[in-house]
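Student: Provided below: structure_10.txt, containing compact mmCIF, N, CA and C atoms.
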# COMPACT_ATOMS: atom_id res chain seq x y z
N MET A 67 112.53 95.45 78.98
CA MET A 67 112.14 94.90 80.27
C MET A 67 111.31 95.96 81.01
N ASP A 68 110.17 95.55 81.55
CA ASP A 68 109.31 96.49 82.26
C ASP A 68 109.85 96.79 83.66
N ALA A 69 109.26 97.79 84.31
CA ALA A 69 109.73 98.24 85.62
C ALA A 69 109.64 97.14 86.67
N VAL A 70 108.56 96.37 86.66
CA VAL A 70 108.41 95.30 87.65
C VAL A 70 109.55 94.30 87.50
N SER A 71 109.81 93.86 86.28
CA SER A 71 110.87 92.87 86.05
C SER A 71 112.25 93.41 86.39
N ARG A 72 112.49 94.71 86.17
CA ARG A 72 113.80 95.29 86.50
C ARG A 72 114.12 95.17 87.98
N TYR A 73 113.11 95.21 88.83
CA TYR A 73 113.33 95.07 90.27
C TYR A 73 113.22 93.61 90.72
N LEU A 74 112.28 92.89 90.13
CA LEU A 74 111.99 91.52 90.55
C LEU A 74 113.11 90.54 90.22
N LEU A 75 113.64 90.59 89.00
CA LEU A 75 114.61 89.59 88.56
C LEU A 75 115.90 89.58 89.39
N PRO A 76 116.51 90.72 89.66
CA PRO A 76 117.71 90.68 90.49
C PRO A 76 117.43 90.17 91.90
N TRP A 77 116.26 90.51 92.44
CA TRP A 77 115.90 90.04 93.77
C TRP A 77 115.76 88.52 93.77
N LEU A 78 115.07 87.97 92.76
CA LEU A 78 114.92 86.52 92.68
C LEU A 78 116.27 85.82 92.49
N GLN A 79 117.15 86.41 91.70
CA GLN A 79 118.48 85.83 91.52
C GLN A 79 119.19 85.74 92.86
N GLY A 80 119.06 86.79 93.67
CA GLY A 80 119.69 86.79 94.99
C GLY A 80 119.10 85.77 95.94
N LEU A 81 117.83 85.45 95.78
CA LEU A 81 117.16 84.49 96.66
C LEU A 81 117.39 83.04 96.26
N ALA A 82 117.73 82.80 95.02
CA ALA A 82 117.77 81.44 94.47
C ALA A 82 118.55 80.47 95.35
N ALA A 83 119.69 80.86 95.82
CA ALA A 83 120.52 79.95 96.62
C ALA A 83 119.94 79.68 98.00
N SER A 84 119.08 80.56 98.49
CA SER A 84 118.53 80.37 99.83
C SER A 84 117.19 79.64 99.86
N LEU A 85 116.63 79.34 98.67
CA LEU A 85 115.37 78.58 98.65
C LEU A 85 115.61 77.19 99.22
N PRO A 86 114.71 76.72 100.08
CA PRO A 86 114.93 75.40 100.70
C PRO A 86 114.89 74.26 99.68
N GLU A 87 115.74 73.26 99.91
CA GLU A 87 115.80 72.13 98.98
C GLU A 87 114.70 71.11 99.24
N SER A 88 114.14 71.11 100.44
CA SER A 88 113.06 70.17 100.75
C SER A 88 112.17 70.76 101.84
N GLY A 89 111.01 70.16 102.01
CA GLY A 89 110.09 70.57 103.07
C GLY A 89 109.05 71.58 102.66
N VAL A 90 109.37 72.46 101.72
CA VAL A 90 108.43 73.48 101.26
C VAL A 90 107.79 72.99 99.97
N VAL A 91 106.45 72.99 99.93
CA VAL A 91 105.75 72.49 98.74
C VAL A 91 105.00 73.58 97.99
N ALA A 92 104.86 74.76 98.59
CA ALA A 92 104.14 75.86 97.94
C ALA A 92 104.74 77.19 98.37
N TYR A 93 104.69 78.16 97.46
CA TYR A 93 105.24 79.50 97.72
C TYR A 93 104.20 80.56 97.41
N ASN A 94 104.26 81.65 98.19
CA ASN A 94 103.41 82.81 97.92
C ASN A 94 104.26 84.07 97.95
N PHE A 95 104.07 84.91 96.94
CA PHE A 95 104.69 86.22 96.92
C PHE A 95 103.70 87.19 97.58
N ASN A 96 103.99 87.54 98.84
CA ASN A 96 103.15 88.48 99.59
C ASN A 96 103.46 89.90 99.15
N ILE A 97 102.42 90.69 98.91
CA ILE A 97 102.60 92.10 98.54
C ILE A 97 102.01 92.96 99.65
N ALA A 98 102.74 93.99 100.03
CA ALA A 98 102.24 94.99 100.98
C ALA A 98 102.49 96.37 100.37
N GLU A 99 101.72 97.34 100.82
CA GLU A 99 101.89 98.72 100.36
C GLU A 99 102.58 99.52 101.46
N THR A 100 103.65 100.22 101.10
CA THR A 100 104.34 101.10 102.03
C THR A 100 104.07 102.54 101.61
N LEU A 101 104.75 103.48 102.23
CA LEU A 101 104.54 104.89 101.89
C LEU A 101 104.93 105.22 100.46
N ASP A 102 105.99 104.56 99.96
CA ASP A 102 106.48 104.94 98.64
C ASP A 102 106.75 103.78 97.69
N ALA A 103 106.33 102.56 98.08
CA ALA A 103 106.62 101.40 97.23
C ALA A 103 105.70 100.23 97.54
N PHE A 104 105.60 99.32 96.57
CA PHE A 104 105.03 98.01 96.83
C PHE A 104 106.18 97.16 97.36
N GLU A 105 105.93 96.41 98.42
CA GLU A 105 106.95 95.58 99.05
C GLU A 105 106.55 94.12 98.88
N ILE A 106 107.48 93.32 98.39
CA ILE A 106 107.22 91.90 98.12
C ILE A 106 108.15 91.05 98.96
N GLU A 107 107.58 90.00 99.56
CA GLU A 107 108.39 88.99 100.23
C GLU A 107 107.90 87.63 99.76
N LEU A 108 108.76 86.66 99.82
CA LEU A 108 108.42 85.30 99.41
C LEU A 108 108.29 84.43 100.64
N VAL A 109 107.19 83.66 100.69
CA VAL A 109 106.92 82.79 101.83
C VAL A 109 106.72 81.37 101.31
N GLY A 110 107.31 80.40 101.99
CA GLY A 110 107.14 79.00 101.65
C GLY A 110 106.37 78.27 102.72
N SER A 111 105.54 77.31 102.31
CA SER A 111 104.71 76.54 103.23
C SER A 111 104.92 75.05 103.01
N THR A 112 104.65 74.27 104.06
CA THR A 112 104.82 72.82 103.97
C THR A 112 103.60 72.13 103.37
N TYR A 113 102.53 72.88 103.12
CA TYR A 113 101.36 72.29 102.47
C TYR A 113 100.66 73.33 101.60
N PHE A 114 99.79 72.84 100.71
CA PHE A 114 99.01 73.70 99.83
C PHE A 114 97.58 73.21 99.82
N ASP A 115 96.63 74.15 99.88
CA ASP A 115 95.21 73.83 99.81
C ASP A 115 94.57 74.79 98.82
N ALA A 116 94.20 74.29 97.65
CA ALA A 116 93.61 75.15 96.61
C ALA A 116 92.29 75.76 97.04
N ALA A 117 91.63 75.16 98.02
CA ALA A 117 90.32 75.64 98.46
C ALA A 117 90.41 76.73 99.52
N SER A 118 91.58 76.94 100.10
CA SER A 118 91.73 77.93 101.17
C SER A 118 93.11 78.58 101.12
N ALA A 119 93.14 79.90 101.21
CA ALA A 119 94.41 80.64 101.18
C ALA A 119 95.16 80.58 102.50
N ASP A 120 94.58 79.95 103.51
CA ASP A 120 95.23 79.89 104.82
C ASP A 120 96.58 79.20 104.79
N TRP A 121 96.80 78.34 103.80
CA TRP A 121 98.09 77.65 103.71
C TRP A 121 99.24 78.64 103.65
N ALA A 122 99.01 79.80 103.02
CA ALA A 122 100.08 80.78 102.84
C ALA A 122 100.47 81.47 104.15
N CYS A 123 99.66 81.29 105.19
CA CYS A 123 99.97 81.88 106.51
C CYS A 123 100.87 80.96 107.33
N GLU A 124 101.01 79.72 106.90
CA GLU A 124 101.85 78.75 107.60
C GLU A 124 103.26 78.82 107.04
N GLU A 125 104.04 79.72 107.59
CA GLU A 125 105.37 79.99 107.05
C GLU A 125 106.40 78.98 107.54
N ALA A 126 106.90 78.16 106.64
CA ALA A 126 108.00 77.25 106.95
C ALA A 126 109.33 77.88 106.54
N TRP A 127 109.25 78.83 105.61
CA TRP A 127 110.43 79.54 105.11
C TRP A 127 109.98 80.91 104.63
N THR A 128 110.85 81.89 104.78
CA THR A 128 110.54 83.23 104.28
C THR A 128 111.81 83.91 103.78
N SER A 129 111.65 84.82 102.85
CA SER A 129 112.79 85.56 102.32
C SER A 129 113.28 86.64 103.28
N ARG A 130 112.53 86.90 104.34
CA ARG A 130 112.95 87.94 105.28
C ARG A 130 114.37 87.70 105.76
N PRO A 131 115.16 88.70 105.86
CA PRO A 131 114.83 90.13 105.77
C PRO A 131 114.83 90.67 104.34
N SER A 132 115.15 89.82 103.38
CA SER A 132 115.21 90.29 101.99
C SER A 132 113.80 90.50 101.44
N ARG A 133 113.57 91.71 100.95
CA ARG A 133 112.30 92.05 100.32
C ARG A 133 112.59 92.81 99.04
N CYS A 134 111.66 92.74 98.12
CA CYS A 134 111.77 93.48 96.87
C CYS A 134 110.89 94.72 96.97
N LEU A 135 111.49 95.88 96.82
CA LEU A 135 110.74 97.14 96.85
C LEU A 135 110.63 97.67 95.43
N ILE A 136 109.40 97.92 94.99
CA ILE A 136 109.16 98.48 93.66
C ILE A 136 108.47 99.83 93.86
N PRO A 137 109.20 100.93 93.62
CA PRO A 137 108.69 102.27 93.92
C PRO A 137 107.44 102.63 93.11
N TYR A 138 106.51 103.31 93.76
CA TYR A 138 105.32 103.82 93.08
C TYR A 138 105.71 104.72 91.91
N ALA A 139 106.84 105.43 92.06
CA ALA A 139 107.30 106.32 90.99
C ALA A 139 107.56 105.54 89.70
N GLU A 140 107.85 104.25 89.81
CA GLU A 140 108.12 103.41 88.64
C GLU A 140 106.87 102.73 88.08
N VAL A 141 105.91 102.40 88.97
CA VAL A 141 104.76 101.57 88.54
C VAL A 141 103.39 102.17 88.85
N GLY A 142 103.36 103.31 89.52
CA GLY A 142 102.09 103.90 89.92
C GLY A 142 101.60 103.33 91.24
N ARG A 143 100.54 103.92 91.78
CA ARG A 143 100.05 103.52 93.10
C ARG A 143 98.84 102.58 93.04
N GLN A 144 98.30 102.33 91.87
CA GLN A 144 97.11 101.50 91.74
C GLN A 144 97.46 100.03 91.93
N TRP A 145 96.80 99.38 92.88
CA TRP A 145 97.17 98.01 93.22
C TRP A 145 96.75 96.98 92.16
N GLU A 146 95.62 97.17 91.51
CA GLU A 146 95.16 96.17 90.56
C GLU A 146 96.08 96.04 89.34
N PRO A 147 96.46 97.16 88.70
CA PRO A 147 97.41 97.02 87.59
C PRO A 147 98.75 96.44 88.04
N PHE A 148 99.18 96.81 89.26
CA PHE A 148 100.45 96.27 89.76
C PHE A 148 100.36 94.77 89.95
N LEU A 149 99.27 94.29 90.54
CA LEU A 149 99.10 92.85 90.73
C LEU A 149 99.11 92.13 89.38
N GLY A 150 98.47 92.70 88.38
CA GLY A 150 98.48 92.11 87.04
C GLY A 150 99.88 92.06 86.45
N SER A 151 100.63 93.15 86.59
CA SER A 151 102.00 93.20 86.06
C SER A 151 102.91 92.22 86.77
N LEU A 152 102.80 92.16 88.09
CA LEU A 152 103.63 91.24 88.86
C LEU A 152 103.28 89.79 88.52
N SER A 153 102.00 89.49 88.41
CA SER A 153 101.57 88.13 88.04
C SER A 153 102.14 87.74 86.69
N SER A 154 102.07 88.63 85.72
CA SER A 154 102.61 88.36 84.38
C SER A 154 104.11 88.14 84.43
N SER A 155 104.82 89.00 85.17
CA SER A 155 106.28 88.87 85.27
C SER A 155 106.66 87.54 85.91
N LEU A 156 105.93 87.14 86.96
CA LEU A 156 106.24 85.87 87.62
C LEU A 156 105.94 84.68 86.72
N ARG A 157 104.85 84.73 85.98
CA ARG A 157 104.55 83.64 85.03
C ARG A 157 105.67 83.51 84.00
N GLU A 158 106.15 84.65 83.52
CA GLU A 158 107.22 84.64 82.52
C GLU A 158 108.50 84.05 83.09
N VAL A 159 108.87 84.48 84.30
CA VAL A 159 110.08 83.98 84.94
C VAL A 159 109.97 82.48 85.17
N LEU A 160 108.83 82.03 85.71
CA LEU A 160 108.66 80.62 86.00
C LEU A 160 108.64 79.77 84.73
N SER A 161 108.03 80.26 83.69
CA SER A 161 107.99 79.48 82.44
C SER A 161 109.34 79.44 81.75
N SER A 162 110.21 80.40 82.03
CA SER A 162 111.53 80.40 81.40
C SER A 162 112.49 79.41 82.05
N ARG A 163 112.12 78.93 83.23
CA ARG A 163 112.95 77.97 83.97
C ARG A 163 114.36 78.52 84.22
N SER A 164 114.44 79.83 84.34
CA SER A 164 115.75 80.46 84.56
C SER A 164 115.80 81.12 85.93
N PHE A 165 116.88 81.86 86.15
CA PHE A 165 117.09 82.61 87.39
C PHE A 165 117.02 81.72 88.63
N GLY A 166 117.41 80.47 88.49
CA GLY A 166 117.44 79.59 89.65
C GLY A 166 116.07 79.31 90.23
N THR A 167 115.04 79.37 89.39
CA THR A 167 113.67 79.21 89.90
C THR A 167 113.20 77.76 89.89
N ARG A 168 114.07 76.81 89.68
CA ARG A 168 113.67 75.40 89.61
C ARG A 168 112.84 74.99 90.82
N ARG A 169 113.25 75.38 92.01
CA ARG A 169 112.50 75.00 93.21
C ARG A 169 111.12 75.64 93.24
N LEU A 170 110.99 76.79 92.62
CA LEU A 170 109.67 77.43 92.56
C LEU A 170 108.76 76.70 91.58
N TRP A 171 109.21 76.49 90.35
CA TRP A 171 108.30 75.88 89.37
C TRP A 171 108.04 74.42 89.63
N GLN A 172 108.86 73.79 90.46
CA GLN A 172 108.60 72.40 90.84
C GLN A 172 107.67 72.30 92.05
N ALA A 173 107.38 73.41 92.70
CA ALA A 173 106.49 73.40 93.86
C ALA A 173 105.07 73.04 93.42
N ASP A 174 104.25 72.58 94.37
CA ASP A 174 102.85 72.26 94.07
C ASP A 174 102.09 73.50 93.61
N ALA A 175 102.45 74.66 94.16
CA ALA A 175 101.78 75.91 93.77
C ALA A 175 102.69 77.09 94.03
N VAL A 176 102.56 78.10 93.17
CA VAL A 176 103.19 79.41 93.38
C VAL A 176 102.09 80.43 93.17
N THR A 177 101.89 81.27 94.18
CA THR A 177 100.82 82.27 94.11
C THR A 177 101.38 83.64 94.42
N VAL A 178 100.55 84.65 94.16
CA VAL A 178 100.91 86.03 94.46
C VAL A 178 99.64 86.73 94.94
N GLY A 179 99.80 87.63 95.89
CA GLY A 179 98.64 88.38 96.36
C GLY A 179 99.01 89.34 97.47
N PHE A 180 98.11 90.28 97.69
CA PHE A 180 98.30 91.22 98.78
C PHE A 180 98.02 90.53 100.11
N VAL A 181 98.73 90.94 101.16
CA VAL A 181 98.50 90.41 102.49
C VAL A 181 97.01 90.58 102.81
N ASP A 182 96.38 89.53 103.27
CA ASP A 182 94.94 89.50 103.59
C ASP A 182 94.05 89.62 102.37
N GLY A 183 94.59 89.37 101.18
CA GLY A 183 93.79 89.44 99.96
C GLY A 183 93.72 88.08 99.28
N ASP A 184 93.05 88.03 98.15
CA ASP A 184 92.96 86.80 97.36
C ASP A 184 94.31 86.50 96.72
N LEU A 185 94.57 85.21 96.53
CA LEU A 185 95.81 84.78 95.90
C LEU A 185 95.56 84.40 94.45
N VAL A 186 96.51 84.77 93.60
CA VAL A 186 96.46 84.44 92.18
C VAL A 186 97.52 83.39 91.92
N ARG A 187 97.13 82.26 91.37
CA ARG A 187 98.10 81.21 91.09
C ARG A 187 98.85 81.55 89.80
N VAL A 188 100.19 81.54 89.90
CA VAL A 188 101.02 81.89 88.75
C VAL A 188 101.91 80.73 88.30
N GLY A 189 101.91 79.65 89.04
CA GLY A 189 102.74 78.52 88.66
C GLY A 189 102.62 77.40 89.67
N GLY A 190 103.45 76.39 89.45
CA GLY A 190 103.49 75.26 90.36
C GLY A 190 103.20 73.96 89.65
N GLY A 191 103.57 72.90 90.29
CA GLY A 191 103.36 71.59 89.73
C GLY A 191 104.22 71.29 88.52
N GLY A 192 105.25 72.09 88.30
CA GLY A 192 106.13 71.89 87.17
C GLY A 192 105.50 72.30 85.84
N ALA A 193 104.32 72.93 85.90
CA ALA A 193 103.63 73.33 84.66
C ALA A 193 103.38 74.82 84.67
N ASP A 194 103.19 75.36 83.49
CA ASP A 194 102.86 76.77 83.37
C ASP A 194 101.37 76.97 83.66
N VAL A 195 101.06 78.09 84.28
CA VAL A 195 99.66 78.42 84.60
C VAL A 195 99.23 79.61 83.78
Could you render the structure as structure tokens?
Tutor:
Amino acid sequence: MDAVSRYLLPWLQGLAASLPESGVVAYNFNIAETLDAFEIELVGSTYFDAASADWACEEAWTSRPSRCLIPYAEVGRQWEPFLGSLSSSLREVLSSRSFGTRRLWQADAVTVGFVDGDLVRVGGGGADV
């Protein structure tokens, strides 16, 4: 198991029970950079628009205060390789249909991206991306 998955999977397991059963149709994994780690939070929205990332700013649900911290000491400080690793880990988790992610993979869209950055679609619509 890679470093990203070692931190991500337990966090997702902890969130599974708190994911909303209705009302949220799309999720985004927001990434921010802190002094010593990448910080991830999950945000749910009541709508999805493939043509505009603004949908991810309309928060109907959020994992706050729970966030996943992945230390730079484990994954390095370069954002592009981290985004690639996180995207791959999320695709794997969603395609496995495990860790209580049913509500995520059944959503219209699941994306990941840095705050104020482009979003990468990693799942949604009940299909693998």
Student: Sort by chain and increasing residue number a table of all residues of region 127-164 of chain A within 10 Å of region 173-186 of chain A, each with its closest pair of atoms and their distance in Å to one decimal, counting only C-alpha atoms, and write it as a tab-separated table.
Tutor:
residue	atom	partner	partner_atom	distance
A:Trp145	CA	A:Phe180	CA	8.8
A:Leu149	CA	A:Gly179	CA	7.2
A:Gly150	CA	A:Val186	CA	9.5
A:Leu152	CA	A:Val178	CA	8.1
A:Ser153	CA	A:Val178	CA	6.8
A:Leu156	CA	A:Val178	CA	8.7
A:Arg157	CA	A:Val176	CA	9.5
A:Leu160	CA	A:Val176	CA	9.3
Student: Provide the CA of Thr167 (chain A) to atom N of Arg143 (chain A) distance in Å, to one decimal place.
Tutor: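 CA of Thr167 (chain A) sits 28.0 Å away from atom N of Arg143 (chain A).
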Student: To one decimal place, how far is CA of Trp77 (chain A) from CA of Ser161 (chain A) in Å?
Tutor: 17.4 Å
Student: Of the residues A:Glu87, A:Arg72, A:Val141, A:Ala82, which is the one nearest to Leu108 (chain A), using only C-alpha atoms?
Tutor: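 With only C-alpha atoms as the atom set, the closest residue is A:Ala82.
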Student: With a distance cut-off of 8 Å and all atoms listed in the file, select the neighbouring residues of Ala92 (chain A), excluding the residue or stretch itself and same-chain residues fewer than 5 positions from it, and output the selection as a short mmCIF file (atom, residue, chain, number, x, y, z; two decimals) with N, CA and C atoms, keeping the file's coordinate frame.
Tutor:
data_model
loop_
_atom_site.label_atom_id
_atom_site.label_comp_id
_atom_site.auth_asym_id
_atom_site.auth_seq_id
_atom_site.Cartn_x
_atom_site.Cartn_y
_atom_site.Cartn_z
N VAL A 109 107.19 83.66 100.69
CA VAL A 109 106.92 82.79 101.83
C VAL A 109 106.72 81.37 101.31
N GLY A 110 107.31 80.40 101.99
CA GLY A 110 107.14 79.00 101.65
C GLY A 110 106.37 78.27 102.72
N SER A 111 105.54 77.31 102.31
CA SER A 111 104.71 76.54 103.23
C SER A 111 104.92 75.05 103.01
N THR A 112 104.65 74.27 104.06
CA THR A 112 104.82 72.82 103.97
C THR A 112 103.60 72.13 103.37
N TYR A 113 102.53 72.88 103.12
CA TYR A 113 101.36 72.29 102.47
C TYR A 113 100.66 73.33 101.60
N PHE A 114 99.79 72.84 100.71
CA PHE A 114 99.01 73.70 99.83
C PHE A 114 97.58 73.21 99.82
N ASP A 115 96.63 74.15 99.88
CA ASP A 115 95.21 73.83 99.81
C ASP A 115 94.57 74.79 98.82
N TRP A 121 96.80 78.34 103.80
CA TRP A 121 98.09 77.65 103.71
C TRP A 121 99.24 78.64 103.65
N ALA A 122 99.01 79.80 103.02
CA ALA A 122 100.08 80.78 102.84
C ALA A 122 100.47 81.47 104.15
N LEU A 170 110.99 76.79 92.62
CA LEU A 170 109.67 77.43 92.56
C LEU A 170 108.76 76.70 91.58
N GLN A 172 108.86 73.79 90.46
CA GLN A 172 108.60 72.40 90.84
C GLN A 172 107.67 72.30 92.05
N ALA A 173 107.38 73.41 92.70
CA ALA A 173 106.49 73.40 93.86
C ALA A 173 105.07 73.04 93.42
N ASP A 174 104.25 72.58 94.37
CA ASP A 174 102.85 72.26 94.07
C ASP A 174 102.09 73.50 93.61
N ALA A 175 102.45 74.66 94.16
CA ALA A 175 101.78 75.91 93.77
C ALA A 175 102.69 77.09 94.03
N VAL A 176 102.56 78.10 93.17
CA VAL A 176 103.19 79.41 93.38
C VAL A 176 102.09 80.43 93.17
N THR A 177 101.89 81.27 94.18
CA THR A 177 100.82 82.27 94.11
C THR A 177 101.38 83.64 94.42
N GLY A 190 103.45 76.39 89.45
CA GLY A 190 103.49 75.26 90.36
C GLY A 190 103.20 73.96 89.65
#
Student: A:Glu124, A:Asp102, A:Asn94, A:Ser118: which is nearest Glu140 (chain A), counting only N, CA and C atoms?
Tutor: A:Asp102
Student: Within chain A, find each residue whose DSSP state, derived from the backbone, is strand (DSSP E or B), and express the selection as a PyMOL selection string.
Tutor: chain A and resi 92-99+103-111+127-128+134-137+175-180+186-190+193-194
Student: What gap, in Å, lies between atom C of Arg130 (chain A) and atom N of Val91 (chain A)?
Tutor: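 Computing the Euclidean distance for atom C of Arg130 (chain A) and atom N of Val91 (chain A) yields 17.7 Å.
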Student: Which is closest to Trp127 (chain A) among A:Ala98, A:Met67, A:Leu85, A:Ala103, if we use only C-alpha atoms?
Tutor: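 Comparing A:Ala98, A:Met67, A:Leu85, A:Ala103 against Trp127 (chain A), the winner is A:Leu85.
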Student: Closest to Glu99 (chain A) among A:Gly142, A:Asp120, A:Arg163, A:Arg187, using only C-alpha atoms?
Tutor: A:Gly142
Student: Using all atoms listed in the file for the distances, tell me which of A:Ser132, A:Ala126, A:Pro147, A:Gly189 is nearest to Gly89 (chain A).
Tutor: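 Ranked by minimum distance to Gly89 (chain A), first place goes to A:Ala126.
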Student: Name the residues of region 117-171 of chain A that come out as alpha helix (DSSP H) in a backbone DSSP run; write them as number ranges by chain.
Tutor: A: 138-141, 145-162, 168-171
Student: Save the residues we just selected, N, CA and C atoms, as a tab-separated table (two decimals), keeping the file's coordinate frame?
Tutor:
chain	number	residue	atom	x	y	z
A	138	TYR	N	106.51	103.31	93.76
A	138	TYR	CA	105.32	103.82	93.08
A	138	TYR	C	105.71	104.72	91.91
A	139	ALA	N	106.84	105.43	92.06
A	139	ALA	CA	107.30	106.32	90.99
A	139	ALA	C	107.56	105.54	89.70
A	140	GLU	N	107.85	104.25	89.81
A	140	GLU	CA	108.12	103.41	88.64
A	140	GLU	C	106.87	102.73	88.08
A	141	VAL	N	105.91	102.40	88.97
A	141	VAL	CA	104.76	101.57	88.54
A	141	VAL	C	103.39	102.17	88.85
A	145	TRP	N	96.80	99.38	92.88
A	145	TRP	CA	97.17	98.01	93.22
A	145	TRP	C	96.75	96.98	92.16
A	146	GLU	N	95.62	97.17	91.51
A	146	GLU	CA	95.16	96.17	90.56
A	146	GLU	C	96.08	96.04	89.34
A	147	PRO	N	96.46	97.16	88.70
A	147	PRO	CA	97.41	97.02	87.59
A	147	PRO	C	98.75	96.44	88.04
A	148	PHE	N	99.18	96.81	89.26
A	148	PHE	CA	100.45	96.27	89.76
A	148	PHE	C	100.36	94.77	89.95
A	149	LEU	N	99.27	94.29	90.54
A	149	LEU	CA	99.10	92.85	90.73
A	149	LEU	C	99.11	92.13	89.38
A	150	GLY	N	98.47	92.70	88.38
A	150	GLY	CA	98.48	92.11	87.04
A	150	GLY	C	99.88	92.06	86.45
A	151	SER	N	100.63	93.15	86.59
A	151	SER	CA	102.00	93.20	86.06
A	151	SER	C	102.91	92.22	86.77
A	152	LEU	N	102.80	92.16	88.09
A	152	LEU	CA	103.63	91.24	88.86
A	152	LEU	C	103.28	89.79	88.52
A	153	SER	N	102.00	89.49	88.41
A	153	SER	CA	101.57	88.13	88.04
A	153	SER	C	102.14	87.74	86.69
A	154	SER	N	102.07	88.63	85.72
A	154	SER	CA	102.61	88.36	84.38
A	154	SER	C	104.11	88.14	84.43
A	155	SER	N	104.82	89.00	85.17
A	155	SER	CA	106.28	88.87	85.27
A	155	SER	C	106.66	87.54	85.91
A	156	LEU	N	105.93	87.14	86.96
A	156	LEU	CA	106.24	85.87	87.62
A	156	LEU	C	105.94	84.68	86.72
A	157	ARG	N	104.85	84.73	85.98
A	157	ARG	CA	104.55	83.64	85.03
A	157	ARG	C	105.67	83.51	84.00
A	158	GLU	N	106.15	84.65	83.52
A	158	GLU	CA	107.22	84.64	82.52
A	158	GLU	C	108.50	84.05	83.09
A	159	VAL	N	108.87	84.48	84.30
A	159	VAL	CA	110.08	83.98	84.94
A	159	VAL	C	109.97	82.48	85.17
A	160	LEU	N	108.83	82.03	85.71
A	160	LEU	CA	108.66	80.62	86.00
A	160	LEU	C	108.64	79.77	84.73
A	161	SER	N	108.03	80.26	83.69
A	161	SER	CA	107.99	79.48	82.44
A	161	SER	C	109.34	79.44	81.75
A	162	SER	N	110.21	80.40	82.03
A	162	SER	CA	111.53	80.40	81.40
A	162	SER	C	112.49	79.41	82.05
A	168	ARG	N	114.07	76.81	89.68
A	168	ARG	CA	113.67	75.40	89.61
A	168	ARG	C	112.84	74.99	90.82
A	169	ARG	N	113.25	75.38	92.01
A	169	ARG	CA	112.50	75.00	93.21
A	169	ARG	C	111.12	75.64	93.24
A	170	LEU	N	110.99	76.79	92.62
A	170	LEU	CA	109.67	77.43	92.56
A	170	LEU	C	108.76	76.70	91.58
A	171	TRP	N	109.21	76.49	90.35
A	171	TRP	CA	108.30	75.88	89.37
A	171	TRP	C	108.04	74.42	89.63
Student: Just need region 95-134 of chain A in a file, please: C-alpha atoms, as a PDB file, in the first residue's frame.
Tutor:
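Below you can see decode26.pdb, which holds the result:
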ATOM      1  CA  PHE A  95     -11.902  16.099  -2.667  1.00  0.00           C
ATOM      2  CA  ASN A  96     -10.423  19.560  -2.006  1.00  0.00           C
ATOM      3  CA  ILE A  97      -6.645  19.653  -1.542  1.00  0.00           C
ATOM      4  CA  ALA A  98      -4.784  22.441   0.242  1.00  0.00           C
ATOM      5  CA  GLU A  99      -1.107  22.819   1.092  1.00  0.00           C
ATOM      6  CA  THR A 100      -0.109  23.467   4.703  1.00  0.00           C
ATOM      7  CA  LEU A 101       3.328  23.981   6.233  1.00  0.00           C
ATOM      8  CA  ASP A 102       4.048  20.271   6.536  1.00  0.00           C
ATOM      9  CA  ALA A 103       1.301  18.327   4.753  1.00  0.00           C
ATOM     10  CA  PHE A 104      -1.269  18.132   2.003  1.00  0.00           C
ATOM     11  CA  GLU A 105      -4.695  18.574   3.592  1.00  0.00           C
ATOM     12  CA  ILE A 106      -7.767  16.945   2.058  1.00  0.00           C
ATOM     13  CA  GLU A 107     -11.423  17.575   2.803  1.00  0.00           C
ATOM     14  CA  LEU A 108     -14.486  16.155   1.114  1.00  0.00           C
ATOM     15  CA  VAL A 109     -17.258  18.463  -0.090  1.00  0.00           C
ATOM     16  CA  GLY A 110     -20.684  17.463  -1.397  1.00  0.00           C
ATOM     17  CA  SER A 111     -22.882  19.544  -3.698  1.00  0.00           C
ATOM     18  CA  THR A 112     -26.543  19.395  -4.700  1.00  0.00           C
ATOM     19  CA  TYR A 113     -25.676  19.758  -8.391  1.00  0.00           C
ATOM     20  CA  PHE A 114     -22.924  18.979 -10.891  1.00  0.00           C
ATOM     21  CA  ASP A 115     -21.899  20.889 -14.021  1.00  0.00           C
ATOM     22  CA  ALA A 116     -19.209  19.244 -16.158  1.00  0.00           C
ATOM     23  CA  ALA A 117     -18.625  22.552 -17.959  1.00  0.00           C
ATOM     24  CA  SER A 118     -17.829  24.576 -14.825  1.00  0.00           C
ATOM     25  CA  ALA A 119     -16.013  23.759 -11.577  1.00  0.00           C
ATOM     26  CA  ASP A 120     -18.151  26.282  -9.687  1.00  0.00           C
ATOM     27  CA  TRP A 121     -20.479  23.478  -8.597  1.00  0.00           C
ATOM     28  CA  ALA A 122     -17.801  22.354  -6.125  1.00  0.00           C
ATOM     29  CA  CYS A 123     -18.063  25.713  -4.304  1.00  0.00           C
ATOM     30  CA  GLU A 124     -21.729  25.095  -3.470  1.00  0.00           C
ATOM     31  CA  GLU A 125     -21.249  23.102  -0.296  1.00  0.00           C
ATOM     32  CA  ALA A 126     -24.317  21.175   0.827  1.00  0.00           C
ATOM     33  CA  TRP A 127     -22.178  18.844   2.958  1.00  0.00           C
ATOM     34  CA  THR A 128     -18.567  18.804   4.090  1.00  0.00           C
ATOM     35  CA  SER A 129     -16.302  16.473   6.032  1.00  0.00           C
ATOM     36  CA  ARG A 130     -15.212  19.354   8.268  1.00  0.00           C
ATOM     37  CA  PRO A 131     -13.849  19.244  10.849  1.00  0.00           C
ATOM     38  CA  SER A 132     -12.480  15.902   9.687  1.00  0.00           C
ATOM     39  CA  ARG A 133      -9.606  16.288   7.247  1.00  0.00           C
ATOM     40  CA  CYS A 134      -6.985  13.918   5.927  1.00  0.00           C
TER      41      CYS A 134
END
